[in-house]
Structure formats: C-alpha cells, structure tokens
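Notes to accompany the following structure.
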Amino acid sequence: MSSFGQRRTLLPAASLLTLALSVSACGGSDAKAADDPSPSTSATTSASPTPTPTPTPTSEPLSPFEDQAPVKAARAFLAAVARAVNAGDRSMKSVAPLATPAGVGVIALTVKSDLDRPATLPGPQPFTPVNVRKHGALATISTCMKTEGWSLDAKTHKRWEKPKVSPILIDMRRVGGQWKFDNTAFGTGDCSGVKITEVRW
C-alpha cells in the first residue's frame, strides 16, 4: 500500500497510497474536512466495525481518536486490505463488506502495484488520525500515514521504497449504520512531529 492520496483515491503499503491518489480524482464522496493535520476532537461515535490488529491491551492508544467509529472502521478496512494483498486477492471481495462500491474500486486500483510485484504487507497500513470531521453520513479522517516503505518484497522481505509519511485524508461513509471506506486523498500539513505507530501481525 504505498500510495494513498490525490483527492479522491487510496493506498498500497507503499503502493496503495500512491496509485489511489491518482485514481481518486475519478470519484468519491463529498465529505469536507480540514486537511491540516492538527489534532482536533470534532468526531462522534457510531456503529463499530470488525476488530482489527492493535497493540497489546497495556499499550497506549494509537491516538486520541481511536474510540471514534469512523477511525475503528478505517483500521478494520486497512487490516482487511492488507490481508487481501497478502492472499493475492485482486478481486478485493473480502474487503467489500467494509467499503462502499466506489471504495472497493478505489482500493482495487490502489493495491494493483503491490499485487503485481508481488509484495507482502507486515500489517495494516500505519496511520495516526489527527482530526475527524463528520457531516451527517460522511466523515473525513485527517491522518499522517506511512505512504511508502511499508510494502515488502514477498521473496526477500525487504522494503520496496524508503519510508515516507504523508498527510492523507480518508473518507468514510455510513451505510446501514456501518461506517465504510469510500475514498482517499492527499491532505496538507506538516506530519514531521506526528508519531506513526506500526502494528504488525
């Protein structure tokens, strides 16, 4: 998943994020949110998605936003995407329940480069939420995300690229009471002081 970004598209550890950025311009949600990765607390809770890999119970939360339903859903989605890539699933069928139809299309294009390499992902794409904005059934999570340097060569297990962190917006849409991934785009702001915690399988 190396490419999340360009409003509106999404992520491979190293490739997911890059391709998605160029793809999102073709569609996505109408969610509006601040692109500035400055911590804020404007989110509210909703239906919670499937559990995702997290640090041990004694660990500190990955961010002050971890109890927010859209963030929980985004983490569940990225965990499912990583598993699908590791399984070589180009259809992304296993991800479909956690995304809108548009979101499935975005992520399928985003992970293509990792599937072509082939790459393996050591865990869900690492990101730290710095702001959550909700507007009815739409939510935009402003994050600082490891957009490159997460995908590993499936044979050598070495990184494909040097690590890179970028401001990324994740659009989530509430459908039938469940928050689902809808799109992604590059945000704006300085992520240099934001800690990104990696959660591995």
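Identifiers in this document derive from the order of the structure tokens: chains are assigned A, B, ..., residues are numbered from 1 separately in each chain, and ligands are numbered from 1 in order of occurrence.
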
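Within stretch 125-159 of chain A, residues classed as strand (DSSP E) by DSSP on backbone coordinates are A:Phe127, A:Thr128, A:Pro129, A:Val130, A:Asn131, A:Val132, A:Arg133, A:Lys134, A:His135, A:Leu138, A:Ala139, A:Thr140, A:Ile141, A:Ser142, A:Thr143, A:Cys144, A:Met145, A:Lys146, A:Thr147, A:Glu148, A:Leu152, A:Asp153.
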
Selected residue of minimal separation from A:Gly105 among A:Asn183, A:Glu198, A:Thr147, A:Val71, counting only C-alpha atoms: A:Asn183

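Here the question is which of A:Ala102, A:Ile107, A:Ala69, A:Leu78 gets nearest to A:Gly123 using only C-alpha atoms, and that residue is A:Leu78.
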
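Here atom CA of A:Gly187 stands at a distance of 24.5 Å from atom CA of A:Arg159.
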
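Minimum atom-to-atom distance to A:His135, evaluated using only C-alpha atoms, belongs to A:Arg173 out of A:Arg173, A:Arg90, A:Lys72, A:Lys180.
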
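Our summary of the geometry notes that atom CA of A:Asp89 is positioned 25.6 Å from atom CA of A:Phe186.
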
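Proximity ranking of A:Thr143, A:Gln178, A:Thr120, A:Thr128 relative to A:Pro70 places A:Gln178 first, based on only C-alpha atoms.
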
Nearest to A:Val194 by atom-to-atom distance, counting only C-alpha atoms, from A:Ser166, A:Ser151, A:Gln68, A:Thr110: A:Ser166

DSSP-assigned alpha helix (DSSP H) members of stretch 57-132 of chain A, reported as a VMD selection string: chain A and resid 69 to 86 101 to 110 112 to 116

From A:Leu62, A:Val175, A:Val85, A:Val132, residue lying nearest A:Thr100 [only C-alpha atoms]: A:Val175

Polymer residues at most 10 Å from A:Ile196, only C-alpha atoms, same-chain spacing of 5 or more positions, as a list in words: Leu62, Ser63, Pro126, Phe127, Thr128, Pro129, Thr143, Cys144, Met145, Lys146, Val165 and Cys191 of chain A
